[in-house]
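Just query.cif here, mmCIF, N, CA and C atoms:
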```cif
data_entry
#
loop_
_atom_site.label_atom_id
_atom_site.label_comp_id
_atom_site.auth_asym_id
_atom_site.auth_seq_id
_atom_site.Cartn_x
_atom_site.Cartn_y
_atom_site.Cartn_z
N MET Y 1 185.71 123.13 42.76
CA MET Y 1 185.34 124.51 42.55
C MET Y 1 185.06 125.16 43.90
N SER Y 2 185.59 126.33 44.09
CA SER Y 2 185.38 127.07 45.32
C SER Y 2 183.94 127.55 45.41
N ALA Y 3 183.33 127.42 46.56
CA ALA Y 3 181.95 127.87 46.75
C ALA Y 3 181.94 129.34 47.12
N HIS Y 4 182.41 130.19 46.18
CA HIS Y 4 182.54 131.61 46.44
C HIS Y 4 182.19 132.37 45.16
N CYS Y 5 181.28 133.33 45.26
CA CYS Y 5 180.84 134.12 44.10
C CYS Y 5 181.80 135.29 43.89
N GLN Y 6 182.27 135.47 42.65
CA GLN Y 6 183.20 136.55 42.35
C GLN Y 6 182.51 137.91 42.32
N VAL Y 7 181.22 137.95 42.05
CA VAL Y 7 180.51 139.22 41.93
C VAL Y 7 179.95 139.68 43.28
N THR Y 8 179.21 138.81 43.95
CA THR Y 8 178.54 139.21 45.19
C THR Y 8 179.33 138.86 46.44
N GLY Y 9 180.32 137.96 46.32
CA GLY Y 9 181.10 137.56 47.49
C GLY Y 9 180.42 136.53 48.37
N ARG Y 10 179.33 135.97 47.89
CA ARG Y 10 178.64 134.97 48.71
C ARG Y 10 179.50 133.73 48.88
N LYS Y 11 179.48 133.19 50.10
CA LYS Y 11 180.25 132.00 50.42
C LYS Y 11 179.43 131.14 51.37
N PRO Y 12 179.88 129.92 51.67
CA PRO Y 12 179.08 129.04 52.52
C PRO Y 12 178.85 129.62 53.92
N GLY Y 13 177.68 129.32 54.45
CA GLY Y 13 177.38 129.64 55.84
C GLY Y 13 177.54 128.38 56.67
N PHE Y 14 178.00 128.53 57.89
CA PHE Y 14 178.26 127.37 58.74
C PHE Y 14 177.35 127.41 59.96
N GLY Y 15 177.00 126.22 60.46
CA GLY Y 15 176.14 126.15 61.63
C GLY Y 15 176.01 124.72 62.10
N LYS Y 16 174.93 124.46 62.79
CA LYS Y 16 174.69 123.13 63.35
C LYS Y 16 173.38 122.58 62.80
N SER Y 17 173.38 121.29 62.56
CA SER Y 17 172.17 120.58 62.22
C SER Y 17 171.67 119.96 63.52
N VAL Y 18 170.42 120.19 63.87
CA VAL Y 18 169.89 119.72 65.14
C VAL Y 18 168.82 118.67 64.87
N SER Y 19 169.03 117.46 65.38
CA SER Y 19 168.08 116.37 65.17
C SER Y 19 166.94 116.46 66.18
N HIS Y 20 165.98 115.58 66.04
CA HIS Y 20 164.84 115.54 66.96
C HIS Y 20 165.29 115.33 68.40
N SER Y 21 166.38 114.54 68.57
CA SER Y 21 166.88 114.28 69.93
C SER Y 21 167.84 115.37 70.40
N GLN Y 22 167.92 116.46 69.66
CA GLN Y 22 168.76 117.62 69.98
C GLN Y 22 170.26 117.35 69.87
N VAL Y 23 170.65 116.29 69.14
CA VAL Y 23 172.06 116.04 68.87
C VAL Y 23 172.49 117.03 67.80
N ARG Y 24 173.58 117.74 68.06
CA ARG Y 24 174.04 118.77 67.14
C ARG Y 24 175.26 118.28 66.36
N SER Y 25 175.22 118.45 65.05
CA SER Y 25 176.36 118.10 64.20
C SER Y 25 176.61 119.27 63.25
N ASN Y 26 177.86 119.40 62.84
CA ASN Y 26 178.24 120.51 61.97
C ASN Y 26 177.66 120.33 60.58
N ARG Y 27 177.30 121.45 59.95
CA ARG Y 27 176.84 121.43 58.57
C ARG Y 27 177.15 122.77 57.92
N ARG Y 28 177.00 122.83 56.63
CA ARG Y 28 177.20 124.10 55.92
C ARG Y 28 176.13 124.29 54.86
N TRP Y 29 175.80 125.55 54.64
CA TRP Y 29 174.82 125.93 53.64
C TRP Y 29 175.60 126.51 52.46
N ASP Y 30 175.66 125.79 51.36
CA ASP Y 30 176.40 126.25 50.20
C ASP Y 30 175.53 127.13 49.31
N PRO Y 31 176.10 128.22 48.78
CA PRO Y 31 175.35 129.03 47.82
C PRO Y 31 175.25 128.29 46.48
N ASN Y 32 174.31 128.71 45.66
CA ASN Y 32 174.10 128.10 44.35
C ASN Y 32 175.16 128.65 43.38
N ILE Y 33 176.33 127.99 43.35
CA ILE Y 33 177.47 128.46 42.58
C ILE Y 33 177.52 127.75 41.23
N GLN Y 34 177.72 128.55 40.17
CA GLN Y 34 177.81 128.01 38.81
C GLN Y 34 178.94 128.71 38.07
N ARG Y 35 179.52 128.02 37.09
CA ARG Y 35 180.54 128.62 36.23
C ARG Y 35 179.85 129.09 34.96
N LYS Y 36 179.99 130.38 34.65
CA LYS Y 36 179.37 130.95 33.46
C LYS Y 36 180.44 131.64 32.63
N THR Y 37 180.33 131.52 31.32
CA THR Y 37 181.24 132.18 30.39
C THR Y 37 180.50 133.31 29.70
N TYR Y 38 181.09 134.49 29.73
CA TYR Y 38 180.51 135.67 29.08
C TYR Y 38 181.50 136.19 28.05
N TYR Y 39 180.97 136.80 26.99
CA TYR Y 39 181.79 137.41 25.95
C TYR Y 39 181.92 138.89 26.24
N LEU Y 40 183.18 139.38 26.27
CA LEU Y 40 183.45 140.80 26.46
C LEU Y 40 183.72 141.43 25.10
N PRO Y 41 182.76 142.18 24.54
CA PRO Y 41 182.97 142.76 23.22
C PRO Y 41 184.12 143.77 23.18
N SER Y 42 184.34 144.49 24.29
CA SER Y 42 185.39 145.51 24.30
C SER Y 42 186.78 144.90 24.15
N GLU Y 43 186.96 143.67 24.66
CA GLU Y 43 188.26 143.00 24.57
C GLU Y 43 188.30 141.91 23.52
N GLY Y 44 187.14 141.57 22.98
CA GLY Y 44 187.08 140.52 21.96
C GLY Y 44 187.42 139.15 22.48
N ARG Y 45 187.12 138.89 23.74
CA ARG Y 45 187.42 137.57 24.33
C ARG Y 45 186.33 137.17 25.33
N ARG Y 46 186.42 135.92 25.75
CA ARG Y 46 185.46 135.41 26.73
C ARG Y 46 186.11 135.35 28.10
N VAL Y 47 185.30 135.54 29.13
CA VAL Y 47 185.76 135.38 30.51
C VAL Y 47 184.85 134.38 31.21
N THR Y 48 185.43 133.52 32.01
CA THR Y 48 184.67 132.55 32.78
C THR Y 48 184.66 133.01 34.23
N LEU Y 49 183.46 133.13 34.79
CA LEU Y 49 183.31 133.59 36.16
C LEU Y 49 182.63 132.52 37.00
N THR Y 50 182.94 132.50 38.28
CA THR Y 50 182.27 131.64 39.25
C THR Y 50 181.24 132.50 39.94
N LEU Y 51 179.96 132.20 39.72
CA LEU Y 51 178.88 133.08 40.15
C LEU Y 51 177.82 132.35 40.94
N SER Y 52 177.19 133.10 41.84
CA SER Y 52 175.98 132.61 42.49
C SER Y 52 174.79 132.99 41.61
N ALA Y 53 173.62 132.48 41.90
CA ALA Y 53 172.43 132.81 41.13
C ALA Y 53 172.17 134.32 41.20
N LYS Y 54 172.41 134.92 42.35
CA LYS Y 54 172.23 136.37 42.50
C LYS Y 54 173.25 137.13 41.66
N GLY Y 55 174.48 136.61 41.54
CA GLY Y 55 175.49 137.24 40.71
C GLY Y 55 175.11 137.22 39.24
N ILE Y 56 174.48 136.14 38.79
CA ILE Y 56 174.02 136.05 37.40
C ILE Y 56 172.94 137.10 37.15
N LYS Y 57 172.04 137.27 38.11
CA LYS Y 57 170.99 138.29 37.99
C LYS Y 57 171.58 139.69 37.96
N THR Y 58 172.65 139.91 38.73
CA THR Y 58 173.32 141.21 38.75
C THR Y 58 173.91 141.52 37.38
N ILE Y 59 174.53 140.53 36.75
CA ILE Y 59 175.10 140.73 35.42
C ILE Y 59 173.99 140.98 34.39
N ASP Y 60 172.88 140.27 34.51
CA ASP Y 60 171.75 140.49 33.60
C ASP Y 60 171.22 141.91 33.74
N ARG Y 61 171.22 142.43 34.95
CA ARG Y 61 170.68 143.77 35.20
C ARG Y 61 171.65 144.87 34.78
N ASP Y 62 172.94 144.76 35.18
CA ASP Y 62 173.90 145.84 34.98
C ASP Y 62 174.71 145.71 33.69
N GLY Y 63 174.84 144.49 33.18
CA GLY Y 63 175.66 144.26 32.00
C GLY Y 63 177.04 143.75 32.39
N ILE Y 64 177.61 142.91 31.53
CA ILE Y 64 178.88 142.28 31.83
C ILE Y 64 180.02 143.29 31.87
N GLU Y 65 179.97 144.31 31.02
CA GLU Y 65 181.06 145.31 30.99
C GLU Y 65 181.16 146.06 32.33
N ALA Y 66 180.01 146.47 32.87
CA ALA Y 66 180.01 147.21 34.13
C ALA Y 66 180.47 146.33 35.29
N VAL Y 67 180.06 145.07 35.28
CA VAL Y 67 180.43 144.16 36.37
C VAL Y 67 181.93 143.86 36.31
N VAL Y 68 182.46 143.65 35.12
CA VAL Y 68 183.89 143.37 34.98
C VAL Y 68 184.71 144.60 35.40
N ALA Y 69 184.22 145.79 35.08
CA ALA Y 69 184.91 147.01 35.51
C ALA Y 69 184.96 147.10 37.03
N ARG Y 70 183.85 146.74 37.70
CA ARG Y 70 183.82 146.73 39.17
C ARG Y 70 184.79 145.71 39.75
N LEU Y 71 184.85 144.52 39.13
CA LEU Y 71 185.76 143.48 39.60
C LEU Y 71 187.21 143.92 39.47
N ARG Y 72 187.54 144.58 38.36
CA ARG Y 72 188.91 145.04 38.16
C ARG Y 72 189.26 146.17 39.12
N ALA Y 73 188.30 147.04 39.41
CA ALA Y 73 188.53 148.13 40.37
C ALA Y 73 188.81 147.57 41.75
N ARG Y 74 188.20 146.43 42.05
CA ARG Y 74 188.38 145.77 43.34
C ARG Y 74 189.71 145.01 43.37
N GLY Y 75 190.36 144.86 42.21
CA GLY Y 75 191.66 144.20 42.15
C GLY Y 75 191.60 142.73 41.84
N GLU Y 76 190.45 142.24 41.38
CA GLU Y 76 190.32 140.81 41.06
C GLU Y 76 190.87 140.55 39.66
N LYS Y 77 191.57 139.44 39.52
CA LYS Y 77 192.17 139.08 38.22
C LYS Y 77 191.19 138.24 37.43
N LEU Y 78 191.02 138.59 36.14
CA LEU Y 78 190.11 137.82 35.27
C LEU Y 78 190.87 137.18 34.14
#
```
Can you dump the structure from the file as structure tokens?
Amino acid sequence: MSAHCQVTGRKPGFGKSVSHSQVRSNRRWDPNIQRKTYYLPSEGRRVTLTLSAKGIKTIDRDGIEAVVARLRARGEKL
């Protein structure tokens, strides 16, 4: 699964892990990505989205219909 939120666009951050001896190694900070299925009453079907925790909160606040309309306006395929 891609570590990328379809609603907020959050993706992994990259940087260095620094040990006590100052040895630097590459690491990444992954967002909290989950697959959620929502029912779209206007279309009578379900859609599965890849979302971060913040994206789930956005859908809870604005509603699935409004969020799907924004995604389609942006040109994303559902």
Residues within 10 Å of (184.6, 126.6, 37.7), file coords, only C-alpha atoms, listed as a list in words: Met1, Ser2, Ala3, Ile33, Gln34, Arg35, Lys36, Thr37, Thr48, Leu49, Thr50 and Leu51 of chain Y
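Taking atom CA of Y:Leu71 as the reference point, atom CA of Y:Asn32 is found at 19.9 Å.
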Near-Y:Asp30 list (8 Å; only C-alpha atoms; drop same-chain fewer than 5 positions) as a VMD selection string: chain Y and resid 3 11 to 13
Point-to-point distance from atom N of Y:Gly15 to atom C of Y:Arg27, Å rounded to tenths: 4.3 Å
Selection near stretch 60-69 of chain Y, 9 Å with only C-alpha atoms, sequence-local residues under 4 positions removed, as a VMD selection string: chain Y and resid 7 38 to 42 55 to 56 73 to 74 78
Atomic separation - atom C of Y:Gly9 relative to atom N of Y:Ser52, Å: 8.1 Å
Pick from Y:Lys54, Y:Lys77, Y:Arg28, Y:Arg72, whichever lies nearest to Y:Arg10 using only C-alpha atoms: Y:Lys54
Residue nearest Y:Ile59 among Y:Pro31, Y:Lys16, Y:Arg46, Y:Thr8 (counting only C-alpha atoms): Y:Thr8
